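Asker: Sharing final_15.csv below, CSV, C-alpha atoms:
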```csv
chain,number,residue,atom,x,y,z
A,1,MET,CA,92.3,96.2,107.7
A,2,LYS,CA,92.1,97.7,111.2
A,3,VAL,CA,89.2,100.1,112.0
A,4,LEU,CA,88.6,102.3,115.0
A,5,LEU,CA,84.9,102.9,115.8
A,6,LEU,CA,83.9,105.9,118.0
A,7,GLU,CA,80.2,105.8,118.7
A,8,ASP,CA,78.6,106.5,122.1
A,9,ASP,CA,75.2,104.8,121.2
A,10,THR,CA,75.8,101.3,122.6
A,11,LEU,CA,73.3,99.6,120.3
A,12,LEU,CA,74.6,101.3,117.1
A,13,ASN,CA,78.2,100.7,118.2
A,14,GLU,CA,77.4,96.9,118.5
A,15,ILE,CA,75.6,96.8,115.2
A,16,ILE,CA,78.4,98.5,113.2
A,17,GLU,CA,81.0,96.4,115.0
A,18,GLU,CA,79.2,93.2,114.1
A,19,PHE,CA,78.8,94.4,110.5
A,20,LEU,CA,82.5,95.2,110.1
A,21,LEU,CA,83.6,91.9,111.7
A,22,ASP,CA,81.4,90.1,109.1
A,23,LEU,CA,83.4,92.0,106.4
A,24,ASN,CA,86.6,90.5,108.0
A,25,TYR,CA,87.8,93.8,109.4
A,26,GLU,CA,89.6,94.0,112.7
A,27,VAL,CA,87.6,96.5,114.9
A,28,VAL,CA,88.4,98.4,118.1
A,29,THR,CA,85.3,100.0,119.6
A,30,THR,CA,85.3,103.1,121.8
A,31,TYR,CA,82.5,105.2,123.3
A,32,ASP,CA,84.2,108.5,124.1
A,33,GLY,CA,86.7,110.7,122.5
A,34,GLN,CA,89.5,110.3,125.1
A,35,ASP,CA,89.4,106.5,124.8
A,36,ALA,CA,89.5,106.8,121.0
A,37,LEU,CA,92.5,109.1,121.1
A,38,GLU,CA,94.4,106.8,123.4
A,39,ALA,CA,93.6,103.8,121.2
A,40,ILE,CA,94.8,105.7,118.1
A,41,TYR,CA,98.2,106.4,119.8
A,42,GLU,CA,98.5,102.7,121.0
A,43,ASN,CA,97.6,101.1,117.6
A,44,LYS,CA,98.0,101.6,113.9
A,45,PHE,CA,94.6,102.0,112.2
A,46,ASP,CA,93.7,102.0,108.5
A,47,LEU,CA,90.4,103.7,109.0
A,48,LEU,CA,88.6,105.8,111.6
A,49,LEU,CA,84.8,105.9,111.9
A,50,LEU,CA,83.9,108.8,114.2
A,51,ASP,CA,80.7,110.1,115.7
A,52,VAL,CA,80.9,113.8,116.3
A,53,ASN,CA,78.8,114.4,119.5
A,54,VAL,CA,80.5,112.1,121.9
A,55,PRO,CA,81.7,112.5,125.6
A,56,SER,CA,85.1,113.8,126.6
A,57,ILE,CA,86.5,114.9,123.2
A,58,ASN,CA,84.2,115.4,120.3
A,59,GLY,CA,84.9,113.9,116.9
A,60,LEU,CA,85.9,117.2,115.3
A,61,ASP,CA,88.4,118.1,117.9
A,62,LEU,CA,89.8,114.6,118.0
A,63,LEU,CA,90.6,114.6,114.2
A,64,LYS,CA,92.0,118.2,114.4
A,65,SER,CA,94.3,117.0,117.1
A,66,LEU,CA,95.5,114.1,115.0
A,67,LYS,CA,96.1,116.4,112.0
A,68,GLU,CA,98.1,118.9,114.1
A,69,ASN,CA,100.4,116.0,115.1
A,70,SER,CA,100.9,114.9,111.5
A,71,ILE,CA,98.8,111.7,112.0
A,72,ASP,CA,96.8,111.1,108.8
A,73,ILE,CA,94.3,108.3,108.9
A,74,PRO,CA,91.4,108.0,106.5
A,75,THR,CA,88.3,109.1,108.4
A,76,ILE,CA,84.5,108.9,107.9
A,77,TYR,CA,82.2,110.8,110.2
A,78,ILE,CA,79.0,109.1,111.2
A,79,THR,CA,76.7,111.6,112.7
A,80,SER,CA,73.2,112.9,113.1
A,81,LEU,CA,74.4,116.5,112.3
A,82,HIS,CA,72.8,117.2,109.0
A,83,THR,CA,73.3,120.8,108.0
A,84,SER,CA,75.6,121.9,105.2
A,85,ASN,CA,77.6,123.8,107.9
A,86,ASP,CA,78.0,120.6,109.9
A,87,MET,CA,79.4,118.9,106.8
A,88,LYS,CA,81.7,121.8,106.1
A,89,ASN,CA,83.1,121.6,109.7
A,90,GLY,CA,83.6,117.9,109.2
A,91,PHE,CA,85.6,118.2,106.0
A,92,GLU,CA,87.5,121.1,107.3
A,93,ALA,CA,88.6,119.0,110.3
A,94,GLY,CA,90.1,116.6,107.8
A,95,ALA,CA,87.4,113.9,107.2
A,96,ASP,CA,87.4,112.0,103.9
A,97,ASP,CA,83.7,111.3,104.0
A,98,TYR,CA,80.5,112.1,105.9
A,99,ILE,CA,77.5,109.8,106.5
A,100,LYS,CA,74.3,111.2,108.0
A,101,LYS,CA,72.3,109.1,110.4
A,102,PRO,CA,70.2,107.1,109.9
A,103,PHE,CA,71.9,105.1,107.2
A,104,HIS,CA,71.9,101.6,105.7
A,105,LEU,CA,74.9,99.5,106.5
A,106,SER,CA,75.3,98.9,102.7
A,107,GLU,CA,76.0,102.6,102.3
A,108,LEU,CA,78.7,102.4,105.0
A,109,GLU,CA,80.3,99.5,103.1
A,110,LEU,CA,80.2,101.4,99.8
A,111,ARG,CA,81.9,104.5,101.4
A,112,ILE,CA,84.6,102.4,103.0
A,113,ASN,CA,85.3,100.7,99.7
A,114,ASN,CA,85.5,104.0,98.0
A,115,ILE,CA,88.1,105.3,100.6
A,116,LYS,CA,90.1,102.1,100.2
A,117,ARG,CA,90.2,102.7,96.5
A,118,LEU,CA,91.1,106.4,96.8
A,119,ARG,CA,93.7,105.8,99.5
A,120,GLN,CA,94.9,102.5,98.1
A,121,ILE,CA,94.3,100.7,101.3
A,122,GLU,CA,94.6,96.9,101.2
A,123,SER,CA,95.0,96.7,97.5
A,124,ASN,CA,95.4,93.0,96.8
A,125,GLY,CA,97.8,91.4,94.4
A,126,LYS,CA,99.8,93.2,91.7
A,127,THR,CA,98.9,96.8,90.9
A,128,LYS,CA,100.2,98.7,87.9
A,129,LEU,CA,101.4,102.1,89.1
A,130,SER,CA,102.8,103.5,85.9
A,131,ASP,CA,104.0,102.3,82.4
A,132,THR,CA,107.1,100.8,84.0
A,133,ILE,CA,106.3,100.2,87.7
A,134,GLU,CA,104.2,97.5,89.3
A,135,TYR,CA,103.8,96.6,93.0
A,136,ASP,CA,102.5,93.5,94.6
A,137,PHE,CA,100.9,94.4,98.0
A,138,ASP,CA,100.8,90.8,99.1
A,139,SER,CA,104.4,89.7,98.3
A,140,LYS,CA,105.9,93.3,98.7
A,141,ILE,CA,107.6,92.9,95.4
A,142,LEU,CA,108.3,96.2,93.5
A,143,LEU,CA,108.8,95.8,89.8
A,144,ASN,CA,110.5,98.6,87.7
A,145,ASN,CA,111.4,98.1,84.1
A,146,GLY,CA,111.1,94.3,84.5
A,147,ILE,CA,113.5,94.2,87.4
A,148,SER,CA,111.9,93.0,90.6
A,149,SER,CA,112.9,93.9,94.2
A,150,ARG,CA,111.4,92.4,97.3
A,151,LEU,CA,111.0,95.2,99.9
A,152,SER,CA,111.8,94.7,103.5
A,153,LYS,CA,109.1,95.3,106.1
A,154,ILE,CA,110.2,98.9,106.8
A,155,GLU,CA,110.7,99.6,103.1
A,156,ALA,CA,107.2,98.4,102.3
A,157,LYS,CA,105.6,100.5,105.0
A,158,VAL,CA,107.5,103.6,103.8
A,159,PHE,CA,106.7,102.9,100.1
A,160,GLU,CA,103.0,102.2,100.7
A,161,TYR,CA,102.7,105.4,102.8
A,162,LEU,CA,104.4,107.4,100.0
A,163,LEU,CA,102.0,105.7,97.6
A,164,LYS,CA,98.9,106.6,99.6
A,165,ASN,CA,100.1,110.2,99.4
A,166,LYS,CA,101.5,110.2,95.9
A,167,ASN,CA,102.3,113.5,94.4
A,168,LYS,CA,102.2,115.1,97.8
A,169,ALA,CA,105.3,115.9,100.0
A,170,VAL,CA,105.3,114.1,103.4
A,171,SER,CA,107.8,114.6,106.2
A,172,ILE,CA,109.9,111.9,107.9
A,173,GLU,CA,107.9,112.6,111.1
A,174,GLU,CA,104.6,112.1,109.3
A,175,ILE,CA,105.9,108.8,107.8
A,176,ALA,CA,106.9,107.6,111.3
A,177,ASN,CA,103.8,108.8,113.1
A,178,ASN,CA,101.5,107.0,110.6
A,179,ASN,CA,103.3,103.7,110.5
A,180,TRP,CA,104.5,102.9,114.0
A,181,VAL,CA,103.6,103.5,117.6
A,182,TYR,CA,105.9,106.0,119.3
A,183,ASP,CA,108.3,103.6,121.0
A,184,GLU,CA,108.6,101.3,118.0
A,185,ALA,CA,109.3,103.8,115.3
A,186,PRO,CA,112.7,103.6,113.5
A,187,THR,CA,115.0,106.6,113.7
A,188,ASP,CA,114.8,109.4,111.1
A,189,THR,CA,118.2,108.2,109.8
A,190,THR,CA,116.9,104.7,109.3
A,191,ILE,CA,113.8,105.9,107.4
A,192,ARG,CA,116.0,108.1,105.2
A,193,THR,CA,118.2,105.1,104.5
A,194,TYR,CA,115.2,103.1,103.3
A,195,ILE,CA,114.0,106.0,101.2
A,196,LYS,CA,117.5,106.0,99.6
A,197,ASN,CA,117.1,102.3,98.8
A,198,LEU,CA,113.7,102.9,97.3
A,199,ARG,CA,115.1,105.7,95.1
A,200,LYS,CA,117.7,103.2,93.8
A,201,ILE,CA,115.0,100.8,92.8
A,202,LEU,CA,112.6,103.4,91.3
A,203,GLY,CA,115.0,106.1,90.2
A,204,LYS,CA,115.7,109.5,91.8
A,205,ASP,CA,113.1,111.2,89.6
A,206,ARG,CA,110.4,109.0,91.2
A,207,ILE,CA,111.0,110.0,94.9
A,208,LEU,CA,111.8,113.6,95.1
A,209,ASN,CA,113.4,115.4,98.0
A,210,ILE,CA,111.4,118.5,98.7
A,211,LYS,CA,113.6,120.9,100.5
A,212,ALA,CA,112.5,121.7,104.1
A,213,ILE,CA,109.4,119.4,103.8
A,214,GLY,CA,110.3,115.8,103.0
A,215,TYR,CA,109.7,113.4,100.2
A,216,LYS,CA,107.2,113.0,97.4
A,217,LEU,CA,106.5,110.0,95.2
A,218,SER,CA,106.0,111.1,91.6
A,219,LEU,CA,104.1,108.7,89.4
```
Represent the supplied structure as structure tokens.
Answerer:
Amino acid sequence: MKVLLLEDDTLLNEIIEEFLLDLNYEVVTTYDGQDALEAIYENKFDLLLLDVNVPSINGLDLLKSLKENSIDIPTIYITSLHTSNDMKNGFEAGADDYIKKPFHLSELELRINNIKRLRQIESNGKTKLSDTIEYDFDSKILLNNGISSRLSKIEAKVFEYLLKNKNKAVSIEEIANNNWVYDEAPTDTTIRTYIKNLRKILGKDRILNIKAIGYKLSL
């Protein structure tokens, strides 16, 4: 799991980084919003940990910018801003969770684990998705009605993104932006071809084509 940390307090940045490394996460640390934004466009992160009051671009504006560009990465704000209005602003910007400083590192771990569960990030082994469908995140084998299909690398990325956003329509652009850096993304036609393959495996009623929006995984 790859995590971006934006925290301008050098000591706290180092403490959190060391803690996350001990949990076997890959961590990229930044100290101002512009550096964080550039890192996000150059990498594919599974989680963002953002302070709000940081130099250059504050954490709220950074997340709003990502959402406006259809980039959806699970996000936890870590901030000394404590009021209910501060929390409201954070969630309206698109955050999944909000931790008030000071906090225990064990609380951070609990909240990260909760987001992993809710967003189905790094689920290990075989997971039952419905009465007839199972998916193995490790081997990338998708099982439907007892018939197994090993997904290609691109198929797996597309399927897992649809799964993270199950019962929600997502566009081709959103799928591309959240799984590949700009110059490595497959074409829209290629992504549609892989979605067509997934529909053959799961059935057309499982991946719905939502007119003028995109595709929705229905489980």
Asker: One decimal, in Å: what's the spacing between CA of Asp22 in chain A and CA of Ser139 in chain A?
Answerer: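 Result for CA of Asp22 in chain A versus CA of Ser139 in chain A: 25.4 Å, one decimal.
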Asker: Given only C-alpha atoms as the basis, pick out the residue of A:Leu142, A:Leu21, A:Lys67, A:Asp96 nearest to Ile112 in chain A.
Answerer: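 Between A:Leu142, A:Leu21, A:Lys67, A:Asp96, the residue approaching Ile112 in chain A most closely is A:Asp96.
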Asker: Between A:Asn144, A:Ser106, A:Asn43, A:Ser218, which has the minimum distance to Asn179 in chain A (counting all atoms listed in the file)?
Answerer: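 With all atoms listed in the file as the atom set, the closest residue is A:Asn43.
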Asker: Between A:Ala185, A:Thr79, A:Gly214, A:Leu198, which residue has the minimum interatomic distance to Ser152 in chain A, considering only C-alpha atoms?
Answerer: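 Going through A:Ala185, A:Thr79, A:Gly214, A:Leu198 one by one, the smallest distance to Ser152 in chain A is for A:Leu198.
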Asker: Could you list, with a cut-off of 10 Å and counting all atoms listed in the file, the residues of range 61-164 of chain A near range 11-19 of chain A, each shown with its nearest atom pair and the distance in Å rounded to one decimal, rows sorted by chain and ascending number, as JSON lines?
Answerer:
```
{"residue": "A:Leu105", "atom": "CA", "partner": "A:Phe19", "partner_atom": "CA", "distance": 7.6}
{"residue": "A:Ser106", "atom": "CA", "partner": "A:Phe19", "partner_atom": "CA", "distance": 9.7}
{"residue": "A:Leu108", "atom": "CA", "partner": "A:Ile16", "partner_atom": "CA", "distance": 9.1}
{"residue": "A:Glu109", "atom": "CA", "partner": "A:Phe19", "partner_atom": "CA", "distance": 9.1}
```
Asker: I'd like a table as a tab-separated table: residues in range 145-187 of chain A with an atom no more than 10 Å from range 34-41 of chain A, each row giving the shortest atom pair and its distance in Å to one decimal, all atoms listed in the file counted, sorted by chain and rising residue number.
Answerer:
```
residue	atom	partner	partner_atom	distance
A:Asn177	CA	A:Tyr41	CA	9.1
A:Asn178	CA	A:Tyr41	CA	9.8
A:Trp180	CA	A:Tyr41	CA	9.3
A:Val181	CA	A:Tyr41	CA	6.5
A:Tyr182	CA	A:Tyr41	CA	7.7
```
Asker: Please indicate the distance in Å from CA of Thr187 in chain A to CA of Glu134 in chain A, rounded to one decimal place.
Answerer: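 So the two atoms, CA of Thr187 in chain A and CA of Glu134 in chain A, lie 28.2 Å apart.
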Asker: Could you give me, as a PyMOL selection string, the residues within 10 Å of range 89-91 of chain A, counting all atoms listed in the file and dropping anything in the same chain fewer than 2 positions from it?
Answerer: chain A and resi 52+59-61+63-64+75-77+79+81+83-87+93-98
Asker: If you measure from CA of Tyr215 in chain A to CA of Ala169 in chain A, what distance in Å do you get, rounded to one decimal?
Answerer: 5.1 Å
